[in-house]
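K.L.:
Contents are CSV, C-alpha atoms; file name coords-v6.csv:
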```csv
chain,number,residue,atom,x,y,z
B,839,MET,CA,17.0,-28.5,-18.3
B,840,LYS,CA,14.4,-30.2,-16.1
B,841,ILE,CA,17.0,-30.9,-13.5
B,842,PHE,CA,18.1,-27.3,-13.5
B,843,ARG,CA,14.5,-26.1,-13.3
B,844,SER,CA,13.9,-28.4,-10.3
B,845,ILE,CA,17.0,-27.1,-8.5
B,846,LEU,CA,16.0,-23.5,-9.2
B,847,LEU,CA,12.4,-24.0,-8.0
B,848,GLY,CA,13.7,-25.7,-4.9
B,849,PHE,CA,16.0,-22.8,-4.2
B,850,LEU,CA,13.2,-20.3,-4.6
B,851,PHE,CA,11.0,-22.2,-2.3
B,852,PHE,CA,13.7,-22.5,0.4
B,853,THR,CA,14.5,-18.8,0.2
B,854,GLN,CA,10.8,-17.8,0.2
B,855,VAL,CA,10.2,-19.8,3.4
B,856,THR,CA,13.3,-18.3,4.9
B,857,ALA,CA,12.1,-14.8,4.1
B,858,VAL,CA,8.6,-15.5,5.6
B,859,LEU,CA,10.1,-16.9,8.8
B,860,GLY,CA,12.3,-13.9,9.1
B,861,GLN,CA,9.6,-11.3,8.3
B,862,LYS,CA,9.5,-9.9,11.9
B,863,GLU,CA,13.2,-9.0,11.9
B,864,LYS,CA,14.7,-5.5,11.7
B,865,ILE,CA,13.7,-3.4,8.7
B,866,ASP,CA,16.1,-1.0,6.9
B,867,ARG,CA,14.4,-0.6,3.6
B,868,ILE,CA,10.7,-0.9,2.5
B,869,ALA,CA,9.7,-0.8,-1.1
B,870,PHE,CA,6.1,-0.2,-2.1
B,871,GLY,CA,3.9,0.3,-5.2
B,872,SER,CA,0.6,0.0,-6.9
B,873,CYS,CA,-1.3,-0.2,-10.3
B,874,ASN,CA,0.3,-3.2,-11.9
B,875,ARG,CA,-1.1,-4.8,-15.1
B,876,GLN,CA,-0.3,-8.5,-15.0
B,877,ASP,CA,-0.2,-8.6,-18.8
B,878,ALA,CA,2.0,-5.5,-19.3
B,879,PRO,CA,5.8,-5.1,-19.4
B,880,GLN,CA,7.1,-4.8,-15.8
B,881,PRO,CA,10.4,-3.0,-15.9
B,882,LEU,CA,10.6,-1.9,-12.3
B,883,TRP,CA,11.2,-5.3,-10.6
B,884,LYS,CA,14.9,-5.2,-11.5
B,885,PRO,CA,15.6,-1.8,-9.8
B,886,ILE,CA,13.4,-2.8,-6.9
B,887,LEU,CA,15.5,-5.9,-6.5
B,888,ALA,CA,18.7,-3.8,-6.8
B,889,ASP,CA,17.5,-1.8,-3.8
B,890,ARG,CA,17.4,-5.0,-1.7
B,891,PRO,CA,14.3,-4.1,0.3
B,892,ASP,CA,13.5,-6.0,3.5
B,893,LEU,CA,9.8,-5.8,2.7
B,894,TRP,CA,7.6,-5.2,-0.3
B,895,ILE,CA,4.1,-3.6,0.2
B,896,TRP,CA,1.4,-4.0,-2.5
B,897,MET,CA,-0.9,-0.9,-2.3
B,898,GLY,CA,-3.7,-1.9,-4.6
B,899,ASP,CA,-4.6,-2.7,-8.2
B,900,ASN,CA,-2.0,-5.4,-7.8
B,901,ILE,CA,-3.6,-7.0,-10.8
B,902,TYR,CA,-6.3,-5.7,-13.1
B,903,GLY,CA,-8.9,-8.4,-12.4
B,904,ASP,CA,-12.1,-6.4,-13.1
B,905,SER,CA,-14.3,-9.5,-13.1
B,906,PRO,CA,-16.9,-11.1,-10.8
B,907,ILE,CA,-15.7,-14.5,-12.1
B,908,MET,CA,-13.2,-15.9,-9.6
B,909,ASP,CA,-11.5,-18.2,-12.2
B,910,THR,CA,-10.7,-15.1,-14.2
B,911,LEU,CA,-9.1,-13.4,-11.1
B,912,ARG,CA,-7.3,-16.6,-10.2
B,913,ALA,CA,-5.8,-16.8,-13.7
B,914,LYS,CA,-4.6,-13.2,-13.6
B,915,TYR,CA,-3.0,-13.7,-10.3
B,916,ALA,CA,-1.3,-16.8,-11.7
B,917,ARG,CA,0.0,-14.7,-14.6
B,918,GLN,CA,1.5,-12.2,-12.2
B,919,ASN,CA,3.1,-14.9,-10.1
B,920,ALA,CA,4.7,-16.3,-13.3
B,921,ASN,CA,6.6,-13.1,-14.0
B,922,PRO,CA,10.3,-14.1,-13.7
B,923,ASP,CA,11.5,-11.0,-11.9
B,924,TYR,CA,8.6,-11.0,-9.6
B,925,GLN,CA,9.3,-14.6,-8.7
B,926,VAL,CA,12.8,-13.5,-7.6
B,927,LEU,CA,11.3,-10.8,-5.4
B,928,LYS,CA,8.9,-13.3,-3.9
B,929,ALA,CA,11.7,-15.7,-3.1
B,930,SER,CA,13.9,-13.1,-1.5
B,931,THR,CA,11.6,-10.6,0.2
B,932,PRO,CA,8.6,-10.8,2.5
B,933,LEU,CA,5.4,-9.5,0.8
B,934,ILE,CA,2.4,-7.9,2.4
B,935,GLY,CA,-0.4,-5.8,0.9
B,936,ILE,CA,-3.9,-4.6,0.4
B,937,TRP,CA,-6.2,-4.2,-2.6
B,938,ASP,CA,-7.9,-1.4,-4.4
B,939,ASP,CA,-10.8,-1.7,-6.8
B,940,HIS,CA,-9.4,-3.5,-9.9
B,941,ASP,CA,-8.1,-6.4,-7.8
B,942,PHE,CA,-11.2,-6.2,-5.7
B,943,GLY,CA,-13.0,-7.2,-8.9
B,944,ILE,CA,-15.1,-4.2,-9.9
B,945,ASN,CA,-14.1,-0.6,-10.7
B,946,ASP,CA,-14.9,1.8,-7.9
B,947,GLY,CA,-16.5,-1.1,-6.0
B,948,GLY,CA,-17.6,-1.2,-2.4
B,949,LYS,CA,-19.6,-3.2,0.2
B,950,ASN,CA,-22.3,-4.3,-2.1
B,951,TYR,CA,-20.0,-6.3,-4.4
B,952,ALA,CA,-21.4,-9.8,-4.2
B,953,GLN,CA,-18.0,-11.6,-4.7
B,954,LYS,CA,-16.0,-9.6,-2.1
B,955,LYS,CA,-15.4,-12.6,0.2
B,956,ALA,CA,-14.2,-14.9,-2.5
B,957,SER,CA,-12.1,-12.2,-4.1
B,958,ARG,CA,-10.6,-11.4,-0.7
B,959,ASP,CA,-9.5,-15.0,-0.3
B,960,LEU,CA,-7.8,-15.0,-3.7
B,961,MET,CA,-5.9,-11.8,-2.6
B,962,PHE,CA,-4.8,-13.6,0.5
B,963,ASP,CA,-3.7,-16.6,-1.5
B,964,PHE,CA,-1.6,-14.3,-3.8
B,965,LEU,CA,0.0,-12.7,-0.7
B,966,ASN,CA,0.7,-16.1,0.8
B,967,VAL,CA,-1.3,-15.2,4.0
B,968,PRO,CA,-1.2,-18.3,6.2
B,969,GLN,CA,-4.5,-20.2,6.6
B,970,GLY,CA,-4.5,-19.6,10.3
B,971,ALA,CA,-3.7,-15.9,10.1
B,972,PRO,CA,-6.2,-13.7,12.1
B,973,GLU,CA,-7.1,-11.7,9.0
B,974,ARG,CA,-8.5,-14.8,7.4
B,975,LYS,CA,-10.9,-15.3,10.3
B,976,ARG,CA,-12.7,-12.0,10.0
B,977,GLU,CA,-14.5,-10.1,7.3
B,978,GLY,CA,-12.4,-7.7,5.1
B,979,GLY,CA,-8.7,-7.7,4.0
B,980,TYR,CA,-7.1,-5.4,6.6
B,981,SER,CA,-4.1,-6.4,8.7
B,982,ALA,CA,-1.2,-5.1,10.7
B,983,HIS,CA,2.5,-6.2,10.7
B,984,THR,CA,5.2,-5.3,13.2
B,985,TYR,CA,9.0,-5.6,12.5
B,986,GLY,CA,12.0,-5.1,14.6
B,987,GLU,CA,12.3,-4.2,18.3
B,988,GLY,CA,12.7,-1.2,20.6
B,989,GLU,CA,13.8,2.0,18.9
B,990,GLN,CA,14.0,0.2,15.5
B,991,GLN,CA,10.5,-1.1,15.5
B,992,VAL,CA,8.3,-0.5,12.4
B,993,LYS,CA,4.6,-1.1,12.1
B,994,VAL,CA,2.6,-1.3,8.8
B,995,ILE,CA,-1.2,-1.0,9.0
B,996,LEU,CA,-3.0,-2.0,5.9
B,997,LEU,CA,-6.5,-0.5,5.6
B,998,ASP,CA,-9.3,-2.1,3.5
B,999,GLY,CA,-11.1,0.7,1.8
B,1000,ARG,CA,-13.3,-1.5,-0.3
B,1001,TYR,CA,-15.0,-4.4,1.6
B,1002,PHE,CA,-17.1,-2.1,3.9
B,1003,ARG,CA,-17.2,1.1,1.9
B,1004,ASP,CA,-20.5,2.8,1.3
B,1005,THR,CA,-21.7,3.8,-2.1
B,1006,LEU,CA,-19.9,6.5,-4.1
B,1007,THR,CA,-21.6,8.0,-7.1
B,1008,ARG,CA,-20.1,9.7,-10.1
B,1009,VAL,CA,-21.7,12.5,-12.1
B,1010,ASP,CA,-20.1,13.8,-15.3
B,1011,GLY,CA,-16.8,12.1,-14.4
B,1012,VAL,CA,-16.7,13.7,-10.9
B,1013,TYR,CA,-17.1,11.6,-7.7
B,1014,GLN,CA,-19.7,13.1,-5.4
B,1015,ILE,CA,-19.3,13.7,-1.7
B,1016,ASN,CA,-20.9,11.1,0.6
B,1017,SER,CA,-21.1,13.2,3.7
B,1018,LYS,CA,-22.3,10.5,6.1
B,1019,GLY,CA,-20.9,7.4,4.4
B,1020,GLN,CA,-18.2,5.1,5.8
B,1021,ILE,CA,-15.0,3.7,4.2
B,1022,LEU,CA,-13.8,1.3,6.9
B,1023,GLY,CA,-16.9,0.1,8.7
B,1024,ASP,CA,-17.4,-0.2,12.5
B,1025,GLU,CA,-15.3,-3.3,13.2
B,1026,GLN,CA,-12.3,-2.1,11.2
B,1027,TRP,CA,-12.5,1.2,13.0
B,1028,LYS,CA,-12.4,-0.5,16.4
B,1029,TRP,CA,-9.5,-2.6,15.2
B,1030,LEU,CA,-7.6,0.4,13.9
B,1031,GLU,CA,-8.1,2.4,17.1
B,1032,ASN,CA,-6.6,-0.5,19.0
B,1033,GLU,CA,-3.7,-0.9,16.6
B,1034,LEU,CA,-2.8,2.8,16.9
B,1035,ASN,CA,-3.4,3.3,20.6
B,1036,TRP,CA,-1.3,0.3,21.5
B,1037,SER,CA,1.4,0.6,19.0
B,1038,THR,CA,4.9,0.6,20.4
B,1039,ALA,CA,6.6,1.1,17.0
B,1040,ARG,CA,9.0,3.9,16.4
B,1041,VAL,CA,7.5,4.4,12.9
B,1042,ASN,CA,4.0,3.6,11.8
B,1043,PHE,CA,3.0,3.3,8.1
B,1044,ILE,CA,-0.7,3.5,7.4
B,1045,VAL,CA,-1.6,2.2,3.9
B,1046,SER,CA,-4.7,2.7,1.8
B,1047,GLY,CA,-5.4,2.0,-1.8
B,1048,ILE,CA,-6.8,5.5,-2.3
B,1049,GLN,CA,-5.3,8.9,-1.3
B,1050,PHE,CA,-5.8,10.1,2.3
B,1051,LEU,CA,-4.9,13.8,2.3
B,1052,PRO,CA,-5.8,15.5,-1.1
B,1053,THR,CA,-9.1,17.3,-1.3
B,1054,GLU,CA,-9.0,19.1,-4.6
B,1055,HIS,CA,-9.0,16.5,-7.4
B,1056,ALA,CA,-12.1,14.9,-8.8
B,1057,TYR,CA,-11.2,11.2,-8.4
B,1058,GLU,CA,-11.5,8.6,-5.7
B,1059,LYS,CA,-10.0,9.8,-2.4
B,1060,TRP,CA,-10.8,9.7,1.4
B,1061,ALA,CA,-12.1,13.3,1.1
B,1062,ASN,CA,-15.1,12.0,-0.8
B,1063,PHE,CA,-16.1,10.7,2.6
B,1064,PRO,CA,-15.2,13.8,4.7
B,1065,GLN,CA,-16.5,12.3,7.9
B,1066,GLU,CA,-14.2,9.3,7.6
B,1067,ARG,CA,-11.2,11.4,6.6
B,1068,GLU,CA,-11.6,13.7,9.7
B,1069,LYS,CA,-12.1,10.7,11.9
B,1070,LEU,CA,-8.9,9.1,10.7
B,1071,LEU,CA,-6.8,12.2,11.1
B,1072,ASN,CA,-8.2,12.9,14.6
B,1073,LEU,CA,-7.5,9.3,15.6
B,1074,ILE,CA,-3.9,9.4,14.4
B,1075,ALA,CA,-3.4,12.6,16.3
B,1076,SER,CA,-5.1,11.6,19.5
B,1077,SER,CA,-3.4,8.2,19.6
B,1078,GLY,CA,0.0,9.8,19.9
B,1079,VAL,CA,1.4,7.2,17.7
B,1080,GLN,CA,5.1,7.8,16.8
B,1081,ASN,CA,6.1,9.0,13.4
B,1082,PRO,CA,3.0,8.2,11.4
B,1083,ILE,CA,3.5,8.1,7.6
B,1084,LEU,CA,0.7,7.6,5.1
B,1085,LEU,CA,1.2,5.5,1.9
B,1086,SER,CA,-1.3,5.3,-1.0
B,1087,GLY,CA,-1.7,4.2,-4.6
B,1088,ASP,CA,-4.5,4.3,-7.2
B,1089,ARG,CA,-3.8,7.5,-9.1
B,1090,HIS,CA,-1.3,6.5,-11.8
B,1091,ILE,CA,0.9,9.3,-10.6
B,1092,ALA,CA,3.3,9.8,-7.8
B,1093,GLU,CA,3.6,12.7,-5.3
B,1094,ILE,CA,4.8,13.5,-1.8
B,1095,MET,CA,2.4,15.6,0.4
B,1096,ARG,CA,2.5,17.2,3.8
B,1097,LEU,CA,-0.5,18.3,5.8
B,1098,VAL,CA,0.2,20.9,8.5
B,1099,ASP,CA,-2.5,21.9,10.9
B,1100,SER,CA,-3.2,22.2,14.6
B,1101,ARG,CA,-3.2,18.4,14.9
B,1102,PHE,CA,0.0,18.0,13.0
B,1103,PRO,CA,2.1,21.1,13.7
B,1104,GLU,CA,5.2,19.4,12.3
B,1105,GLY,CA,3.3,17.9,9.4
B,1106,LEU,CA,1.7,14.6,8.4
B,1107,VAL,CA,3.4,13.2,5.3
B,1108,GLU,CA,1.7,11.1,2.6
B,1109,VAL,CA,3.5,9.3,-0.3
B,1110,THR,CA,1.5,8.2,-3.3
B,1111,ALA,CA,3.4,5.7,-5.4
B,1112,SER,CA,1.3,4.6,-8.4
B,1113,GLY,CA,2.1,3.3,-11.7
B,1114,LEU,CA,4.3,0.1,-11.7
B,1115,THR,CA,3.2,-0.6,-15.3
B,1116,HIS,CA,1.3,2.5,-16.6
B,1117,THR,CA,0.8,6.1,-15.7
B,1118,TRP,CA,-1.2,9.1,-16.8
B,1119,SER,CA,-0.2,10.3,-20.3
B,1120,ARG,CA,-2.4,13.4,-20.4
B,1121,ILE,CA,-1.7,15.0,-17.1
B,1122,SER,CA,0.6,17.9,-16.8
B,1123,GLU,CA,-0.6,19.5,-13.6
B,1124,GLU,CA,-3.2,18.9,-11.0
B,1125,LYS,CA,-4.0,21.3,-8.1
B,1126,ASN,CA,-2.9,20.0,-4.7
B,1127,ASN,CA,-2.0,22.6,-2.2
B,1128,ILE,CA,-0.3,20.2,0.1
B,1129,ARG,CA,2.0,18.7,-2.5
B,1130,ILE,CA,5.7,19.3,-1.7
B,1131,SER,CA,7.2,17.3,-4.6
B,1132,GLU,CA,6.7,17.5,-8.3
B,1133,LEU,CA,3.7,15.7,-9.8
B,1134,ILE,CA,5.3,12.6,-11.3
B,1135,ALA,CA,3.7,10.9,-14.3
B,1136,LYS,CA,6.4,8.3,-15.0
B,1137,LEU,CA,6.6,4.6,-14.0
B,1138,ASN,CA,7.4,4.6,-10.3
B,1139,TYR,CA,7.7,2.8,-7.0
B,1140,GLY,CA,8.4,4.1,-3.5
B,1141,LEU,CA,11.3,3.3,-1.2
B,1142,ALA,CA,11.5,4.1,2.6
B,1143,SER,CA,15.1,3.8,4.0
B,1144,PHE,CA,16.0,4.1,7.6
B,1145,ASP,CA,19.3,5.4,9.1
B,1146,TRP,CA,18.8,4.2,12.6
B,1147,THR,CA,22.1,5.6,13.9
B,1148,LYS,CA,21.1,9.1,12.7
B,1149,ASN,CA,17.4,8.7,13.4
B,1150,LEU,CA,16.4,9.6,9.9
B,1151,LEU,CA,13.8,8.2,7.4
B,1152,THR,CA,14.3,8.9,3.7
B,1153,LEU,CA,11.2,8.6,1.5
B,1154,GLU,CA,11.9,8.3,-2.3
B,1155,ILE,CA,9.9,7.9,-5.4
B,1156,LYS,CA,12.0,6.0,-7.9
B,1157,GLY,CA,11.6,5.2,-11.6
B,1158,GLU,CA,13.0,3.0,-14.3
B,1159,GLU,CA,16.7,2.0,-13.7
B,1160,GLY,CA,16.3,3.1,-10.1
B,1161,ILE,CA,16.4,6.8,-11.0
B,1162,VAL,CA,15.3,9.0,-8.0
B,1163,LEU,CA,12.4,11.1,-9.1
B,1164,SER,CA,11.7,12.7,-5.7
B,1165,THR,CA,13.0,12.5,-2.1
B,1166,LEU,CA,12.2,13.6,1.4
B,1167,THR,CA,14.3,13.0,4.5
B,1168,LEU,CA,12.5,13.2,7.9
B,1169,PRO,CA,13.9,13.2,11.4
B,1170,LEU,CA,12.5,10.4,13.6
B,1171,SER,CA,11.1,11.7,16.8
B,1172,THR,CA,11.1,9.7,20.0
B,1173,LYS,CA,8.2,9.6,22.4
B,1174,HIS,CA,9.3,10.6,25.9
```
Once you've parsed the file, please lay out its structure as structure tokens.
P.N.:
Amino acid sequence: MKIFRSILLGFLFFTQVTAVLGQKEKIDRIAFGSCNRQDAPQPLWKPILADRPDLWIWMGDNIYGDSPIMDTLRAKYARQNANPDYQVLKASTPLIGIWDDHDFGINDGGKNYAQKKASRDLMFDFLNVPQGAPERKREGGYSAHTYGEGEQQVKVILLDGRYFRDTLTRVDGVYQINSKGQILGDEQWKWLENELNWSTARVNFIVSGIQFLPTEHAYEKWANFPQEREKLLNLIASSGVQNPILLSGDRHIAEIMRLVDSRFPEGLVEVTASGLTHTWSRISEEKNNIRISELIAKLNYGLASFDWTKNLLTLEIKGEEGIVLSTLTLPLSTKH
């Protein structure tokens, strides 16, 4: 038994290294998800593996740490890493990601959290971020990753909405508007502007732990910092970046949205995929005037699939046993 285990671990290590070395190659499928309790049943890894993604994106609440004690967070990350199905994913698929509040270490936390640097380093360790990576040399957990070449190039921009975020208060269960507060902070804004303005990618995924577009619900969202939300939307539009797609987590529901306005006459799409291990049990409806899917309160993950020959991108929300819960196919425009 020990010999078999040694052989298996050796194989997993070899394939993981191979996956990491090949992480800049062409992308055909990206799977993504959020809200994952490390001590709960995790039935979605098997269908995720069956989809054979070329990349997995963690979108926050990757564990439920909820502790300022780093040994506690470290143990919870170790428990997640010990999940057998997740080990197979790690061995076969490159992984990237960003956090939200529960893996940050404190519910609804922001820039004043004293343990944010130590917690950030634990997240990077969990994601196997190399010690010499540029994101380890600066404050915050944000990063960008580019895959493929030419007309098949894909970029993933991971935004850190915790490390620099100003205070957000809650009154009677409702988060209050912070009209002048920041989410990203000055340095991350400069970095993001550069990443968008100089992007050569055909498709650009922009990822946040909390939702970008909704304005009507009472929970955490970019709209609680309206100045930041407008700044982001204006930047995406003015950069001329090709085929921007927003991805988010946090909500314990899934939905697909499209914002149409003068900046985005063909629509800016956001996919929220949230609830790898748990979802809302009480929610039946929630007002969202830009939602174009059903509101989904089942275990879910997201899948983005490219048909490069037909210039199409299909965005799916999938559930247990790989059942498709919602889908949207978009034509991929080309900058002239």
K.L.:
To one decimal place in Å, what is the distance between atom CA of Asp1099 of chain B and atom CA of Ala1142 of chain B?
P.N.:
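It comes out at 24.1 Å.
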K.L.:
With a distance cut-off of 7 Å and all atoms listed in the file, select the neighbouring residues of Ala1092 of chain B, excluding the residue or stretch itself and same-chain residues fewer than 6 positions from it, and output the selection as a PyMOL selection string.
P.N.:
chain B and resi 1110-1112+1133-1135
K.L.:
Convert the current residue selection to file output with C-alpha atoms, as a tab-separated table (two decimals), keeping the file's coordinate frame.
P.N.:
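Result went into again_26.tsv, see below:
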```
chain	number	residue	atom	x	y	z
B	1110	THR	CA	1.50	8.20	-3.30
B	1111	ALA	CA	3.40	5.70	-5.40
B	1112	SER	CA	1.30	4.60	-8.40
B	1133	LEU	CA	3.70	15.70	-9.80
B	1134	ILE	CA	5.30	12.60	-11.30
B	1135	ALA	CA	3.70	10.90	-14.30
```
K.L.:
Measure the distance from atom CA of Ile1128 of chain B to atom CA of Thr1165 of chain B in Å and round it to one decimal.
P.N.:
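Separating atom CA of Ile1128 of chain B from atom CA of Thr1165 of chain B is a distance of 15.5 Å.
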K.L.:
What's the 8 Å shell around Leu882 of chain B, counting all atoms listed in the file, without same-chain residues fewer than 4 positions away, as a CSV table (one decimal) with C-alpha atoms, in the coordinates of the input?
P.N.:
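Saved as part_24.csv:
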```csv
chain,number,residue,atom,x,y,z
B,886,ILE,CA,13.4,-2.8,-6.9
B,1114,LEU,CA,4.3,0.1,-11.7
B,1137,LEU,CA,6.6,4.6,-14.0
B,1138,ASN,CA,7.4,4.6,-10.3
B,1139,TYR,CA,7.7,2.8,-7.0
B,1157,GLY,CA,11.6,5.2,-11.6
B,1158,GLU,CA,13.0,3.0,-14.3
B,1159,GLU,CA,16.7,2.0,-13.7
B,1160,GLY,CA,16.3,3.1,-10.1
```
K.L.:
In Å to one decimal, how far is atom CA of Asn874 of chain B from atom CA of Asp899 of chain B?
P.N.:
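Between these atoms lies a distance of 6.2 Å.
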K.L.:
For a quick check of understanding, using only C-alpha atoms, which of B:Gln990, B:Ser1143, B:Leu933, B:Tyr1057 has the smallest distance to Val1009 of chain B?
P.N.:
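Looking only at the distances to Val1009 of chain B, the closest residue turns out to be B:Tyr1057.
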K.L.:
Which polymer residues have any atom within 10 Å of an atom of segment 995-1002 of chain B, counting all atoms listed in the file, with same-chain residues fewer than 6 positions away left out, as a PyMOL selection string?
P.N.:
chain B and resi 895-898+934-939+942+946-951+954-955+958+977-984+1020-1027+1030+1033-1034+1042-1048+1060+1084-1085
K.L.:
Give the answer as one residue: which of B:Gln1065, B:Ser872, B:Thr910, B:Thr1167 has the shortest atom-to-atom distance to His1116 of chain B, using only C-alpha atoms?
P.N.:
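Of all the options, B:Ser872 lies closest to His1116 of chain B.
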K.L.:
Excluding segment 1015-1017 of chain B and its own-chain neighbours fewer than 6 positions away, which residues fall within 9 Å of it when counting all atoms listed in the file? Please give them as a PyMOL selection string.
P.N.:
chain B and resi 1004-1007+1061-1066
K.L.:
Would you pick out the contacts of Asn1035 of chain B at 10 Å or less, using all atoms listed in the file, so that residues sharing its chain but fewer than 2 positions from it are not included, and give the list as a list in words?
P.N.:
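Close residues of Asn1035 of chain B: Leu1030, Glu1031, Asn1032, Glu1033, Ser1037, Thr1038, Leu1073, Ile1074, Ser1076, Ser1077, Gly1078 and Val1079 of chain B.
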K.L.:
Could you please fill out segment 1095-1108 of chain B with N, CA and C atoms and send it back as a PDB file, keeping the file's coordinate frame?
P.N.:
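Contents of the output file out-v1.pdb:
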```pdb
ATOM      1  N   MET B1095       3.273  14.568  -0.171  1.00  0.00           N
ATOM      2  CA  MET B1095       2.400  15.600   0.400  1.00  0.00           C
ATOM      3  C   MET B1095       2.724  15.781   1.879  1.00  0.00           C
ATOM      4  N   ARG B1096       2.447  16.975   2.402  1.00  0.00           N
ATOM      5  CA  ARG B1096       2.500  17.200   3.800  1.00  0.00           C
ATOM      6  C   ARG B1096       1.388  18.085   4.280  1.00  0.00           C
ATOM      7  N   LEU B1097       0.594  17.583   5.218  1.00  0.00           N
ATOM      8  CA  LEU B1097      -0.500  18.300   5.800  1.00  0.00           C
ATOM      9  C   LEU B1097      -0.015  18.943   7.134  1.00  0.00           C
ATOM     10  N   VAL B1098      -0.124  20.250   7.264  1.00  0.00           N
ATOM     11  CA  VAL B1098       0.200  20.900   8.500  1.00  0.00           C
ATOM     12  C   VAL B1098      -1.014  21.623   9.034  1.00  0.00           C
ATOM     13  N   ASP B1099      -1.423  21.262  10.244  1.00  0.00           N
ATOM     14  CA  ASP B1099      -2.500  21.900  10.900  1.00  0.00           C
ATOM     15  C   ASP B1099      -2.351  21.803  12.410  1.00  0.00           C
ATOM     16  N   SER B1100      -3.362  22.169  13.177  1.00  0.00           N
ATOM     17  CA  SER B1100      -3.200  22.200  14.600  1.00  0.00           C
ATOM     18  C   SER B1100      -2.990  20.766  15.195  1.00  0.00           C
ATOM     19  N   ARG B1101      -3.472  19.757  14.499  1.00  0.00           N
ATOM     20  CA  ARG B1101      -3.200  18.400  14.900  1.00  0.00           C
ATOM     21  C   ARG B1101      -1.843  17.887  14.620  1.00  0.00           C
ATOM     22  N   PHE B1102      -1.292  18.410  13.526  1.00  0.00           N
ATOM     23  CA  PHE B1102       0.000  18.000  13.000  1.00  0.00           C
ATOM     24  C   PHE B1102       0.889  19.199  12.777  1.00  0.00           C
ATOM     25  N   PRO B1103       1.318  19.864  13.847  1.00  0.00           N
ATOM     26  CA  PRO B1103       2.100  21.100  13.700  1.00  0.00           C
ATOM     27  C   PRO B1103       3.408  20.878  12.930  1.00  0.00           C
ATOM     28  N   GLU B1104       3.972  19.677  13.014  1.00  0.00           N
ATOM     29  CA  GLU B1104       5.200  19.400  12.300  1.00  0.00           C
ATOM     30  C   GLU B1104       4.930  18.714  10.949  1.00  0.00           C
ATOM     31  N   GLY B1105       3.665  18.466  10.667  1.00  0.00           N
ATOM     32  CA  GLY B1105       3.300  17.900   9.400  1.00  0.00           C
ATOM     33  C   GLY B1105       3.033  16.429   9.375  1.00  0.00           C
ATOM     34  N   LEU B1106       1.990  16.017   8.669  1.00  0.00           N
ATOM     35  CA  LEU B1106       1.700  14.600   8.400  1.00  0.00           C
ATOM     36  C   LEU B1106       1.980  14.352   6.943  1.00  0.00           C
ATOM     37  N   VAL B1107       2.878  13.423   6.651  1.00  0.00           N
ATOM     38  CA  VAL B1107       3.400  13.200   5.300  1.00  0.00           C
ATOM     39  C   VAL B1107       2.612  12.002   4.658  1.00  0.00           C
ATOM     40  N   GLU B1108       2.268  12.152   3.396  1.00  0.00           N
ATOM     41  CA  GLU B1108       1.700  11.100   2.600  1.00  0.00           C
ATOM     42  C   GLU B1108       2.561  10.915   1.321  1.00  0.00           C
TER      43      GLU B1108
END
```
